[in-house]
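Just below is one structure, and these are the notes that go with it.
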Amino acid sequence: MREEGQVLEVKGPGVKVLGRAAKDACFGCMNMECKSRNRVFTVLNPRKFSLKAGDLVELEIKKSAGALEAGASLLLPLLAFTALYCFSPLLFPGINGAMRTGLGFLALLAAALGVVLFRKIIPPGQLPRIVGAEGRKDTV
């Protein structure tokens with residue numbers, strides 16, 4: 001996936017960028033907050049572009065890294081729901097269908113919250129990379 005960003009600060013190999021999602025970059029994504037709100041994050045500059053605050057850059061994240069993050073975000077909560085729904089009769093004999101579904105949804109919510117908190121504490125191993133740099137833009 002590619003998107004644009006504006007350099008805010010350059011510190012060694014890390015560059016703080018104000019991300020701006022390209023209109024076609026998030027075509028399949030329904031996250032409107034991501035599309036409408038700019039965010040600040042750190043990216044790598046492996047090609048050693050000469051950058052300064054205000055420069056526009058093109059960012060890329062590997063598809064494999066994005067797929068792994070999406071898989072963890074979607075698959076783990078679904079597995080938690082399925083596991084608790086299927087094994088709740090063994091854990092709680094005499095439980096009815098509505099209670100099983102409720103426990104499954106609690107497991108789904110707990111797993112989703114766990115994934116979010118895990119990524120807040122331990123960020124992804126692969127940071128986005130700068131693949132192109134344009135001229136300076138004066139609006140930061």
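Identifiers in this document derive from the order of the structure tokens: chains are assigned A, B, ..., residues are numbered from 1 separately in each chain, and ligands are numbered from 1 in order of occurrence.
Once range 81-85 of chain A and its same-chain neighbours fewer than 4 positions away are set aside, Leu76, Pro77, Pro89, Gly97, Arg100, Thr101, Gly102, Leu103, Gly104, Phe105, Leu106, Ala107, Leu108, Leu109 and Ala111 of chain A remain within 9 Å of it when counting only C-alpha atoms.
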Selection export as a PDB file, in the first residue's frame, atoms kept: N, CA, C and O atoms:
```pdb
ATOM      1  N   LEU A  76      -7.628 -13.583  15.036  1.00  0.00           N
ATOM      2  CA  LEU A  76      -7.563 -13.908  16.462  1.00  0.00           C
ATOM      3  C   LEU A  76      -8.894 -13.704  17.185  1.00  0.00           C
ATOM      4  O   LEU A  76      -9.326 -14.596  17.921  1.00  0.00           O
ATOM      5  N   PRO A  77      -9.583 -12.578  16.998  1.00  0.00           N
ATOM      6  CA  PRO A  77     -10.893 -12.460  17.652  1.00  0.00           C
ATOM      7  C   PRO A  77     -11.914 -13.503  17.166  1.00  0.00           C
ATOM      8  O   PRO A  77     -12.692 -14.030  17.967  1.00  0.00           O
ATOM      9  N   PRO A  89     -19.888 -25.436  26.532  1.00  0.00           N
ATOM     10  CA  PRO A  89     -20.650 -26.515  27.179  1.00  0.00           C
ATOM     11  C   PRO A  89     -19.769 -27.441  28.025  1.00  0.00           C
ATOM     12  O   PRO A  89     -20.240 -27.997  29.015  1.00  0.00           O
ATOM     13  N   GLY A  97     -28.026 -21.795  24.445  1.00  0.00           N
ATOM     14  CA  GLY A  97     -27.445 -21.210  23.232  1.00  0.00           C
ATOM     15  C   GLY A  97     -27.179 -19.723  23.331  1.00  0.00           C
ATOM     16  O   GLY A  97     -26.178 -19.217  22.830  1.00  0.00           O
ATOM     17  N   ARG A 100     -24.098 -19.172  25.372  1.00  0.00           N
ATOM     18  CA  ARG A 100     -22.903 -19.541  24.593  1.00  0.00           C
ATOM     19  C   ARG A 100     -22.525 -18.431  23.632  1.00  0.00           C
ATOM     20  O   ARG A 100     -21.361 -18.070  23.492  1.00  0.00           O
ATOM     21  N   THR A 101     -23.538 -17.871  22.962  1.00  0.00           N
ATOM     22  CA  THR A 101     -23.283 -16.774  22.024  1.00  0.00           C
ATOM     23  C   THR A 101     -22.745 -15.551  22.762  1.00  0.00           C
ATOM     24  O   THR A 101     -21.804 -14.901  22.296  1.00  0.00           O
ATOM     25  N   GLY A 102     -23.324 -15.243  23.913  1.00  0.00           N
ATOM     26  CA  GLY A 102     -22.846 -14.117  24.707  1.00  0.00           C
ATOM     27  C   GLY A 102     -21.403 -14.301  25.149  1.00  0.00           C
ATOM     28  O   GLY A 102     -20.594 -13.359  25.073  1.00  0.00           O
ATOM     29  N   LEU A 103     -21.053 -15.499  25.604  1.00  0.00           N
ATOM     30  CA  LEU A 103     -19.667 -15.771  25.987  1.00  0.00           C
ATOM     31  C   LEU A 103     -18.736 -15.675  24.785  1.00  0.00           C
ATOM     32  O   LEU A 103     -17.610 -15.186  24.897  1.00  0.00           O
ATOM     33  N   GLY A 104     -19.209 -16.118  23.635  1.00  0.00           N
ATOM     34  CA  GLY A 104     -18.408 -16.015  22.419  1.00  0.00           C
ATOM     35  C   GLY A 104     -18.118 -14.569  22.060  1.00  0.00           C
ATOM     36  O   GLY A 104     -16.988 -14.213  21.712  1.00  0.00           O
ATOM     37  N   PHE A 105     -19.131 -13.719  22.165  1.00  0.00           N
ATOM     38  CA  PHE A 105     -18.923 -12.299  21.863  1.00  0.00           C
ATOM     39  C   PHE A 105     -18.005 -11.635  22.895  1.00  0.00           C
ATOM     40  O   PHE A 105     -17.204 -10.764  22.545  1.00  0.00           O
ATOM     41  N   LEU A 106     -18.106 -12.032  24.143  1.00  0.00           N
ATOM     42  CA  LEU A 106     -17.168 -11.504  25.151  1.00  0.00           C
ATOM     43  C   LEU A 106     -15.732 -11.902  24.808  1.00  0.00           C
ATOM     44  O   LEU A 106     -14.806 -11.091  24.935  1.00  0.00           O
ATOM     45  N   ALA A 107     -15.547 -13.138  24.365  1.00  0.00           N
ATOM     46  CA  ALA A 107     -14.212 -13.585  23.964  1.00  0.00           C
ATOM     47  C   ALA A 107     -13.737 -12.808  22.741  1.00  0.00           C
ATOM     48  O   ALA A 107     -12.561 -12.419  22.660  1.00  0.00           O
ATOM     49  N   LEU A 108     -14.637 -12.557  21.798  1.00  0.00           N
ATOM     50  CA  LEU A 108     -14.288 -11.782  20.602  1.00  0.00           C
ATOM     51  C   LEU A 108     -13.836 -10.371  20.981  1.00  0.00           C
ATOM     52  O   LEU A 108     -12.798  -9.889  20.520  1.00  0.00           O
ATOM     53  N   LEU A 109     -14.586  -9.706  21.844  1.00  0.00           N
ATOM     54  CA  LEU A 109     -14.233  -8.348  22.272  1.00  0.00           C
ATOM     55  C   LEU A 109     -12.913  -8.333  23.050  1.00  0.00           C
ATOM     56  O   LEU A 109     -12.085  -7.445  22.859  1.00  0.00           O
ATOM     57  N   ALA A 111     -10.426 -10.467  22.816  1.00  0.00           N
ATOM     58  CA  ALA A 111      -9.306 -10.735  21.897  1.00  0.00           C
ATOM     59  C   ALA A 111      -9.007  -9.512  21.042  1.00  0.00           C
ATOM     60  O   ALA A 111      -7.849  -9.172  20.803  1.00  0.00           O
TER      61      ALA A 111
END
```
Residue contacts of Ala72 in chain A (12 Å, only C-alpha atoms) excluding same-chain residues fewer than 4 positions away, as a tab-separated table (two decimals) with all heavy atoms, in the first residue's frame:
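Result file follows (selection.tsv):
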```
chain	number	residue	atom	x	y	z
A	65	ALA	N	3.51	-7.52	5.34
A	65	ALA	CA	3.36	-6.95	6.68
A	65	ALA	C	1.92	-6.52	6.91
A	65	ALA	O	1.35	-6.74	7.98
A	65	ALA	CB	4.31	-5.78	6.88
A	66	GLY	N	1.32	-5.90	5.91
A	66	GLY	CA	-0.08	-5.49	6.02
A	66	GLY	C	-1.01	-6.68	6.16
A	66	GLY	O	-1.97	-6.65	6.94
A	67	ALA	N	-0.73	-7.75	5.42
A	67	ALA	CA	-1.56	-8.95	5.49
A	67	ALA	C	-1.43	-9.62	6.85
A	67	ALA	O	-2.42	-10.11	7.41
A	67	ALA	CB	-1.18	-9.92	4.38
A	68	LEU	N	-0.23	-9.63	7.39
A	68	LEU	CA	-0.01	-10.22	8.72
A	68	LEU	C	-0.77	-9.44	9.79
A	68	LEU	O	-1.41	-10.03	10.66
A	68	LEU	CB	1.48	-10.26	9.03
A	68	LEU	CG	1.88	-10.93	10.34
A	68	LEU	CD1	1.49	-12.40	10.31
A	68	LEU	CD2	3.37	-10.79	10.57
A	76	LEU	N	-7.63	-13.58	15.04
A	76	LEU	CA	-7.56	-13.91	16.46
A	76	LEU	C	-8.89	-13.70	17.18
A	76	LEU	O	-9.33	-14.60	17.92
A	76	LEU	CB	-6.44	-13.12	17.14
A	76	LEU	CG	-5.02	-13.55	16.75
A	76	LEU	CD1	-4.00	-12.65	17.42
A	76	LEU	CD2	-4.79	-14.99	17.12
A	77	PRO	N	-9.58	-12.58	17.00
A	77	PRO	CA	-10.89	-12.46	17.65
A	77	PRO	C	-11.91	-13.50	17.17
A	77	PRO	O	-12.69	-14.03	17.97
A	77	PRO	CB	-11.35	-11.04	17.29
A	77	PRO	CG	-10.08	-10.30	17.06
A	77	PRO	CD	-9.16	-11.30	16.42
A	78	LEU	N	-11.87	-13.81	15.88
A	78	LEU	CA	-12.79	-14.82	15.36
A	78	LEU	C	-12.50	-16.19	15.96
A	78	LEU	O	-13.41	-16.93	16.33
A	78	LEU	CB	-12.71	-14.88	13.83
A	78	LEU	CG	-13.66	-15.85	13.15
A	78	LEU	CD1	-15.10	-15.47	13.44
A	78	LEU	CD2	-13.41	-15.87	11.66
A	79	LEU	N	-11.23	-16.53	16.10
A	79	LEU	CA	-10.85	-17.80	16.73
A	79	LEU	C	-11.25	-17.83	18.20
A	79	LEU	O	-11.69	-18.87	18.70
A	79	LEU	CB	-9.35	-18.05	16.58
A	79	LEU	CG	-8.87	-18.40	15.18
A	79	LEU	CD1	-7.34	-18.51	15.16
A	79	LEU	CD2	-9.49	-19.70	14.70
A	80	ALA	N	-11.12	-16.71	18.88
A	80	ALA	CA	-11.52	-16.64	20.29
A	80	ALA	C	-13.02	-16.88	20.42
A	80	ALA	O	-13.46	-17.61	21.31
A	80	ALA	CB	-11.12	-15.30	20.89
A	111	ALA	N	-10.43	-10.47	22.82
A	111	ALA	CA	-9.31	-10.73	21.90
A	111	ALA	C	-9.01	-9.51	21.04
A	111	ALA	O	-7.85	-9.17	20.80
A	111	ALA	CB	-9.62	-11.94	21.01
A	112	ALA	N	-10.05	-8.82	20.57
A	112	ALA	CA	-9.84	-7.61	19.77
A	112	ALA	C	-9.15	-6.53	20.60
A	112	ALA	O	-8.20	-5.88	20.13
A	112	ALA	CB	-11.17	-7.09	19.23
A	113	LEU	N	-9.57	-6.35	21.84
A	113	LEU	CA	-8.93	-5.39	22.72
A	113	LEU	C	-7.49	-5.79	23.00
A	113	LEU	O	-6.58	-4.96	23.03
A	113	LEU	CB	-9.71	-5.26	24.03
A	113	LEU	CG	-9.16	-4.28	25.05
A	113	LEU	CD1	-9.17	-2.86	24.48
A	113	LEU	CD2	-9.96	-4.34	26.33
A	114	GLY	N	-7.26	-7.09	23.16
A	114	GLY	CA	-5.90	-7.58	23.37
A	114	GLY	C	-4.98	-7.28	22.20
A	114	GLY	O	-3.82	-6.89	22.39
A	115	VAL	N	-5.48	-7.46	20.99
A	115	VAL	CA	-4.68	-7.16	19.79
A	115	VAL	C	-4.35	-5.67	19.74
A	115	VAL	O	-3.21	-5.29	19.47
A	115	VAL	CB	-5.43	-7.60	18.50
A	115	VAL	CG1	-4.74	-7.06	17.26
A	115	VAL	CG2	-5.52	-9.12	18.44
A	116	VAL	N	-5.31	-4.82	20.02
A	116	VAL	CA	-5.08	-3.37	19.99
A	116	VAL	C	-4.05	-2.97	21.05
A	116	VAL	O	-3.10	-2.24	20.76
A	116	VAL	CB	-6.41	-2.61	20.21
A	116	VAL	CG1	-6.15	-1.13	20.47
A	116	VAL	CG2	-7.31	-2.78	19.02
A	118	PHE	N	-1.81	-4.87	22.49
A	118	PHE	CA	-0.51	-5.47	22.14
A	118	PHE	C	0.21	-4.59	21.13
A	118	PHE	O	1.41	-4.35	21.24
A	118	PHE	CB	-0.73	-6.88	21.59
A	118	PHE	CG	0.55	-7.57	21.22
A	118	PHE	CD1	1.35	-8.12	22.20
A	118	PHE	CD2	0.93	-7.69	19.90
A	118	PHE	CE1	2.53	-8.76	21.86
A	118	PHE	CE2	2.10	-8.32	19.55
A	118	PHE	CZ	2.91	-8.87	20.53
A	119	ARG	N	-0.50	-4.08	20.14
A	119	ARG	CA	0.13	-3.24	19.11
A	119	ARG	C	0.47	-1.85	19.65
A	119	ARG	O	1.35	-1.18	19.12
A	119	ARG	CB	-0.76	-3.12	17.87
A	119	ARG	CG	-0.62	-4.33	17.01
A	119	ARG	CD	0.80	-4.43	16.53
A	119	ARG	NE	1.10	-5.73	15.98
A	119	ARG	CZ	2.26	-6.34	16.10
A	119	ARG	NH1	3.23	-5.78	16.74
A	119	ARG	NH2	2.46	-7.50	15.56
A	124	PRO	N	4.43	-2.77	15.32
A	124	PRO	CA	4.83	-3.74	14.29
A	124	PRO	C	6.32	-3.68	14.02
A	124	PRO	O	6.94	-2.62	14.10
A	124	PRO	CB	4.04	-3.30	13.05
A	124	PRO	CG	2.93	-2.47	13.57
A	124	PRO	CD	3.40	-1.87	14.85
```
Please list as a list in words every residue within 10 Å of Arg47 in chain A, counting only C-alpha atoms and excluding residues in the same chain fewer than 6 positions away. Arg129, Ile130, Val131 and Gly132 of chain A
Export, as a PDB file, in the first residue's frame, the selected residues with N, CA and C atoms.
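That gives us part_2.pdb:
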```pdb
ATOM      1  N   ARG A 129       8.266   2.486   4.718  1.00  0.00           N
ATOM      2  CA  ARG A 129       9.514   3.003   4.150  1.00  0.00           C
ATOM      3  C   ARG A 129       9.212   4.126   3.171  1.00  0.00           C
ATOM      4  N   ILE A 130      10.169   5.053   3.078  1.00  0.00           N
ATOM      5  CA  ILE A 130      10.064   6.127   2.103  1.00  0.00           C
ATOM      6  C   ILE A 130      10.594   5.609   0.780  1.00  0.00           C
ATOM      7  N   VAL A 131       9.757   5.671  -0.268  1.00  0.00           N
ATOM      8  CA  VAL A 131      10.173   5.175  -1.578  1.00  0.00           C
ATOM      9  C   VAL A 131      10.303   6.292  -2.605  1.00  0.00           C
ATOM     10  N   GLY A 132       9.900   7.482  -2.233  1.00  0.00           N
ATOM     11  CA  GLY A 132      10.024   8.613  -3.147  1.00  0.00           C
ATOM     12  C   GLY A 132       9.951   9.912  -2.371  1.00  0.00           C
TER      13      GLY A 132
END
```
Top pick for closest residue to Ala133 in chain A, considering A:Leu74, A:Leu51, A:Val17, A:Leu44 and counting only C-alpha atoms:
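Using only C-alpha atoms, the shortest distance to Ala133 in chain A belongs to A:Leu51.
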Worksheet entry | Distance in Å - CA of Lys62 in chain A versus CA of Glu4 in chain A |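 CA of Glu4 in chain A lies at a distance of 15.0 Å from CA of Lys62 in chain A.
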What is the distance, in Å and to one decimal place, between CA of Arg2 in chain A and CA of Leu18 in chain A?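 Those two atoms sit 14.0 Å apart.
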Q.
With DSSP run on the backbone, what are the helix (DSSP H, G or I) residues within range 28-83 of chain A? I'd like them as a ChimeraX atom specification.
A. /A:32-36,63-83
For N, CA and C atoms, I'd like the residues from the last selection saved as a PDB file, in the first residue's frame.
```pdb
ATOM      1  N   MET A  32     -13.375   5.443   7.918  1.00  0.00           N
ATOM      2  CA  MET A  32     -13.479   6.848   7.520  1.00  0.00           C
ATOM      3  C   MET A  32     -12.589   7.750   8.369  1.00  0.00           C
ATOM      4  N   GLU A  33     -12.339   7.383   9.629  1.00  0.00           N
ATOM      5  CA  GLU A  33     -11.483   8.207  10.477  1.00  0.00           C
ATOM      6  C   GLU A  33     -10.060   8.215   9.938  1.00  0.00           C
ATOM      7  N   CYS A  34      -9.605   7.093   9.463  1.00  0.00           N
ATOM      8  CA  CYS A  34      -8.260   7.009   8.886  1.00  0.00           C
ATOM      9  C   CYS A  34      -8.151   7.897   7.655  1.00  0.00           C
ATOM     10  N   LYS A  35      -9.195   7.906   6.839  1.00  0.00           N
ATOM     11  CA  LYS A  35      -9.169   8.689   5.611  1.00  0.00           C
ATOM     12  C   LYS A  35      -9.243  10.189   5.874  1.00  0.00           C
ATOM     13  N   SER A  36      -9.961  10.574   6.925  1.00  0.00           N
ATOM     14  CA  SER A  36     -10.194  11.994   7.142  1.00  0.00           C
ATOM     15  C   SER A  36      -9.207  12.621   8.117  1.00  0.00           C
ATOM     16  N   LYS A  63       3.207  -5.557   1.439  1.00  0.00           N
ATOM     17  CA  LYS A  63       1.921  -6.243   1.462  1.00  0.00           C
ATOM     18  C   LYS A  63       1.918  -7.368   2.482  1.00  0.00           C
ATOM     19  N   SER A  64       3.047  -8.058   2.634  1.00  0.00           N
ATOM     20  CA  SER A  64       3.106  -9.163   3.593  1.00  0.00           C
ATOM     21  C   SER A  64       2.919  -8.658   5.019  1.00  0.00           C
ATOM     22  N   ALA A  65       3.514  -7.521   5.343  1.00  0.00           N
ATOM     23  CA  ALA A  65       3.362  -6.954   6.684  1.00  0.00           C
ATOM     24  C   ALA A  65       1.921  -6.515   6.912  1.00  0.00           C
ATOM     25  N   GLY A  66       1.315  -5.904   5.913  1.00  0.00           N
ATOM     26  CA  GLY A  66      -0.080  -5.491   6.024  1.00  0.00           C
ATOM     27  C   GLY A  66      -1.013  -6.679   6.161  1.00  0.00           C
ATOM     28  N   ALA A  67      -0.734  -7.747   5.416  1.00  0.00           N
ATOM     29  CA  ALA A  67      -1.564  -8.945   5.493  1.00  0.00           C
ATOM     30  C   ALA A  67      -1.433  -9.623   6.854  1.00  0.00           C
ATOM     31  N   LEU A  68      -0.229  -9.629   7.395  1.00  0.00           N
ATOM     32  CA  LEU A  68      -0.014 -10.222   8.717  1.00  0.00           C
ATOM     33  C   LEU A  68      -0.767  -9.440   9.790  1.00  0.00           C
ATOM     34  N   GLU A  69      -0.721  -8.131   9.726  1.00  0.00           N
ATOM     35  CA  GLU A  69      -1.442  -7.295  10.687  1.00  0.00           C
ATOM     36  C   GLU A  69      -2.948  -7.496  10.551  1.00  0.00           C
ATOM     37  N   ALA A  70      -3.429  -7.532   9.320  1.00  0.00           N
ATOM     38  CA  ALA A  70      -4.862  -7.741   9.098  1.00  0.00           C
ATOM     39  C   ALA A  70      -5.287  -9.120   9.597  1.00  0.00           C
ATOM     40  N   GLY A  71      -4.457 -10.115   9.348  1.00  0.00           N
ATOM     41  CA  GLY A  71      -4.766 -11.467   9.811  1.00  0.00           C
ATOM     42  C   GLY A  71      -4.870 -11.542  11.318  1.00  0.00           C
ATOM     43  N   ALA A  72      -3.906 -10.925  12.003  1.00  0.00           N
ATOM     44  CA  ALA A  72      -3.940 -10.929  13.466  1.00  0.00           C
ATOM     45  C   ALA A  72      -5.151 -10.162  13.983  1.00  0.00           C
ATOM     46  N   SER A  73      -5.465  -9.061  13.347  1.00  0.00           N
ATOM     47  CA  SER A  73      -6.570  -8.222  13.810  1.00  0.00           C
ATOM     48  C   SER A  73      -7.927  -8.883  13.605  1.00  0.00           C
ATOM     49  N   LEU A  74      -8.062  -9.668  12.557  1.00  0.00           N
ATOM     50  CA  LEU A  74      -9.349 -10.272  12.240  1.00  0.00           C
ATOM     51  C   LEU A  74      -9.462 -11.725  12.689  1.00  0.00           C
ATOM     52  N   LEU A  75      -8.387 -12.487  12.496  1.00  0.00           N
ATOM     53  CA  LEU A  75      -8.449 -13.920  12.749  1.00  0.00           C
ATOM     54  C   LEU A  75      -8.451 -14.254  14.240  1.00  0.00           C
ATOM     55  N   LEU A  76      -7.628 -13.583  15.036  1.00  0.00           N
ATOM     56  CA  LEU A  76      -7.563 -13.908  16.462  1.00  0.00           C
ATOM     57  C   LEU A  76      -8.894 -13.704  17.185  1.00  0.00           C
ATOM     58  N   PRO A  77      -9.583 -12.578  16.998  1.00  0.00           N
ATOM     59  CA  PRO A  77     -10.893 -12.460  17.652  1.00  0.00           C
ATOM     60  C   PRO A  77     -11.914 -13.503  17.166  1.00  0.00           C
ATOM     61  N   LEU A  78     -11.873 -13.811  15.880  1.00  0.00           N
ATOM     62  CA  LEU A  78     -12.791 -14.823  15.358  1.00  0.00           C
ATOM     63  C   LEU A  78     -12.499 -16.195  15.960  1.00  0.00           C
ATOM     64  N   LEU A  79     -11.227 -16.533  16.097  1.00  0.00           N
ATOM     65  CA  LEU A  79     -10.853 -17.802  16.726  1.00  0.00           C
ATOM     66  C   LEU A  79     -11.254 -17.834  18.196  1.00  0.00           C
ATOM     67  N   ALA A  80     -11.116 -16.707  18.881  1.00  0.00           N
ATOM     68  CA  ALA A  80     -11.517 -16.642  20.289  1.00  0.00           C
ATOM     69  C   ALA A  80     -13.019 -16.876  20.425  1.00  0.00           C
ATOM     70  N   PHE A  81     -13.816 -16.253  19.553  1.00  0.00           N
ATOM     71  CA  PHE A  81     -15.262 -16.456  19.578  1.00  0.00           C
ATOM     72  C   PHE A  81     -15.598 -17.931  19.359  1.00  0.00           C
ATOM     73  N   THR A  82     -15.002 -18.493  18.316  1.00  0.00           N
ATOM     74  CA  THR A  82     -15.296 -19.892  17.970  1.00  0.00           C
ATOM     75  C   THR A  82     -14.898 -20.842  19.088  1.00  0.00           C
ATOM     76  N   ALA A  83     -13.728 -20.626  19.662  1.00  0.00           N
ATOM     77  CA  ALA A  83     -13.249 -21.516  20.721  1.00  0.00           C
ATOM     78  C   ALA A  83     -14.161 -21.473  21.940  1.00  0.00           C
TER      79      ALA A  83
END
```
- Item | Gap from CA of Gly14 in chain A to CA of Phe41 in chain A - Å, one decimal |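 Going from CA of Gly14 in chain A over to CA of Phe41 in chain A covers 9.7 Å.
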Can you pull out every residue from range 40-112 of chain A that DSSP, working from the backbone, puts in strand (DSSP E or B), and format the result as a PDB file with all heavy atoms, in the first residue's frame?
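Output file result-v3.pdb is given in full below:
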```pdb
ATOM      1  N   VAL A  40       0.490  11.122  12.765  1.00  0.00           N
ATOM      2  CA  VAL A  40       1.946  11.235  12.804  1.00  0.00           C
ATOM      3  C   VAL A  40       2.514   9.872  13.164  1.00  0.00           C
ATOM      4  O   VAL A  40       2.066   9.240  14.119  1.00  0.00           O
ATOM      5  CB  VAL A  40       2.387  12.295  13.843  1.00  0.00           C
ATOM      6  CG1 VAL A  40       3.892  12.333  13.951  1.00  0.00           C
ATOM      7  CG2 VAL A  40       1.840  13.657  13.470  1.00  0.00           C
ATOM      8  N   PHE A  41       3.495   9.414  12.408  1.00  0.00           N
ATOM      9  CA  PHE A  41       4.153   8.147  12.703  1.00  0.00           C
ATOM     10  C   PHE A  41       5.584   8.187  12.199  1.00  0.00           C
ATOM     11  O   PHE A  41       5.983   9.094  11.475  1.00  0.00           O
ATOM     12  CB  PHE A  41       3.377   6.956  12.123  1.00  0.00           C
ATOM     13  CG  PHE A  41       3.054   7.075  10.665  1.00  0.00           C
ATOM     14  CD1 PHE A  41       3.884   6.529   9.712  1.00  0.00           C
ATOM     15  CD2 PHE A  41       1.904   7.725  10.246  1.00  0.00           C
ATOM     16  CE1 PHE A  41       3.580   6.626   8.369  1.00  0.00           C
ATOM     17  CE2 PHE A  41       1.592   7.826   8.917  1.00  0.00           C
ATOM     18  CZ  PHE A  41       2.431   7.280   7.968  1.00  0.00           C
ATOM     19  N   THR A  42       6.365   7.186  12.606  1.00  0.00           N
ATOM     20  CA  THR A  42       7.773   7.106  12.232  1.00  0.00           C
ATOM     21  C   THR A  42       7.932   6.163  11.053  1.00  0.00           C
ATOM     22  O   THR A  42       7.315   5.097  11.017  1.00  0.00           O
ATOM     23  CB  THR A  42       8.614   6.598  13.419  1.00  0.00           C
ATOM     24  OG1 THR A  42       8.423   7.493  14.518  1.00  0.00           O
ATOM     25  CG2 THR A  42      10.086   6.554  13.067  1.00  0.00           C
ATOM     26  N   VAL A  43       8.762   6.557  10.103  1.00  0.00           N
ATOM     27  CA  VAL A  43       9.054   5.730   8.932  1.00  0.00           C
ATOM     28  C   VAL A  43      10.563   5.620   8.766  1.00  0.00           C
ATOM     29  O   VAL A  43      11.317   6.369   9.379  1.00  0.00           O
ATOM     30  CB  VAL A  43       8.418   6.322   7.644  1.00  0.00           C
ATOM     31  CG1 VAL A  43       6.915   6.384   7.765  1.00  0.00           C
ATOM     32  CG2 VAL A  43       8.969   7.681   7.332  1.00  0.00           C
ATOM     33  N   LEU A  44      10.978   4.676   7.945  1.00  0.00           N
ATOM     34  CA  LEU A  44      12.401   4.496   7.650  1.00  0.00           C
ATOM     35  C   LEU A  44      12.752   5.148   6.317  1.00  0.00           C
ATOM     36  O   LEU A  44      11.911   5.246   5.432  1.00  0.00           O
ATOM     37  CB  LEU A  44      12.745   3.010   7.606  1.00  0.00           C
ATOM     38  CG  LEU A  44      12.528   2.238   8.908  1.00  0.00           C
ATOM     39  CD1 LEU A  44      12.809   0.759   8.691  1.00  0.00           C
ATOM     40  CD2 LEU A  44      13.406   2.790  10.014  1.00  0.00           C
ATOM     41  N   ASP A  55       9.142  18.532   3.469  1.00  0.00           N
ATOM     42  CA  ASP A  55       9.223  17.769   2.217  1.00  0.00           C
ATOM     43  C   ASP A  55       8.073  16.774   2.126  1.00  0.00           C
ATOM     44  O   ASP A  55       7.652  16.190   3.125  1.00  0.00           O
ATOM     45  CB  ASP A  55      10.542  17.005   2.124  1.00  0.00           C
ATOM     46  CG  ASP A  55      11.736  17.901   1.858  1.00  0.00           C
ATOM     47  OD1 ASP A  55      11.520  19.078   1.510  1.00  0.00           O
ATOM     48  OD2 ASP A  55      12.877  17.436   2.004  1.00  0.00           O
ATOM     49  N   LEU A  56       7.586  16.576   0.915  1.00  0.00           N
ATOM     50  CA  LEU A  56       6.578  15.554   0.664  1.00  0.00           C
ATOM     51  C   LEU A  56       7.267  14.254   0.293  1.00  0.00           C
ATOM     52  O   LEU A  56       8.225  14.258  -0.483  1.00  0.00           O
ATOM     53  CB  LEU A  56       5.646  15.984  -0.469  1.00  0.00           C
ATOM     54  CG  LEU A  56       4.725  17.150  -0.181  1.00  0.00           C
ATOM     55  CD1 LEU A  56       3.923  17.502  -1.425  1.00  0.00           C
ATOM     56  CD2 LEU A  56       3.796  16.837   0.970  1.00  0.00           C
ATOM     57  N   VAL A  57       6.785  13.144   0.845  1.00  0.00           N
ATOM     58  CA  VAL A  57       7.381  11.837   0.566  1.00  0.00           C
ATOM     59  C   VAL A  57       6.280  10.838   0.222  1.00  0.00           C
ATOM     60  O   VAL A  57       5.129  10.998   0.615  1.00  0.00           O
ATOM     61  CB  VAL A  57       8.211  11.324   1.763  1.00  0.00           C
ATOM     62  CG1 VAL A  57       9.445  12.173   1.968  1.00  0.00           C
ATOM     63  CG2 VAL A  57       7.388  11.262   3.027  1.00  0.00           C
ATOM     64  N   GLU A  58       6.669   9.812  -0.508  1.00  0.00           N
ATOM     65  CA  GLU A  58       5.766   8.708  -0.812  1.00  0.00           C
ATOM     66  C   GLU A  58       6.181   7.533   0.060  1.00  0.00           C
ATOM     67  O   GLU A  58       7.349   7.161   0.114  1.00  0.00           O
ATOM     68  CB  GLU A  58       5.864   8.328  -2.288  1.00  0.00           C
ATOM     69  CG  GLU A  58       4.865   7.275  -2.691  1.00  0.00           C
ATOM     70  CD  GLU A  58       4.916   6.974  -4.176  1.00  0.00           C
ATOM     71  OE1 GLU A  58       5.683   7.617  -4.904  1.00  0.00           O
ATOM     72  OE2 GLU A  58       4.182   6.075  -4.597  1.00  0.00           O
ATOM     73  N   LEU A  59       5.213   6.956   0.764  1.00  0.00           N
ATOM     74  CA  LEU A  59       5.467   5.884   1.716  1.00  0.00           C
ATOM     75  C   LEU A  59       4.905   4.577   1.198  1.00  0.00           C
ATOM     76  O   LEU A  59       3.913   4.554   0.479  1.00  0.00           O
ATOM     77  CB  LEU A  59       4.813   6.214   3.057  1.00  0.00           C
ATOM     78  CG  LEU A  59       5.112   7.591   3.635  1.00  0.00           C
ATOM     79  CD1 LEU A  59       4.228   7.861   4.823  1.00  0.00           C
ATOM     80  CD2 LEU A  59       6.569   7.705   3.995  1.00  0.00           C
ATOM     81  N   GLU A  60       5.547   3.492   1.602  1.00  0.00           N
ATOM     82  CA  GLU A  60       5.063   2.168   1.207  1.00  0.00           C
ATOM     83  C   GLU A  60       5.230   1.219   2.375  1.00  0.00           C
ATOM     84  O   GLU A  60       6.227   1.264   3.090  1.00  0.00           O
ATOM     85  CB  GLU A  60       5.866   1.658   0.016  1.00  0.00           C
ATOM     86  CG  GLU A  60       5.453   0.272  -0.437  1.00  0.00           C
ATOM     87  CD  GLU A  60       6.305  -0.226  -1.598  1.00  0.00           C
ATOM     88  OE1 GLU A  60       7.536  -0.283  -1.426  1.00  0.00           O
ATOM     89  OE2 GLU A  60       5.736  -0.527  -2.637  1.00  0.00           O
TER      90      GLU A  60
END
```
inquiry  = Can you pull out the residues contacting Glu9 in chain A? Cut-off 6 Å, using only C-alpha atoms, and skip same-chain residues under 6 positions away; I want them as an MDAnalysis selection string.
reply    = chainID A and resid 15:16 53
Residue with the minimum atom-to-atom distance to Gln6 in chain A, picked from A:Pro128, A:Pro123, A:Gly54, A:Pro46 with only C-alpha atoms counted, is A:Gly54
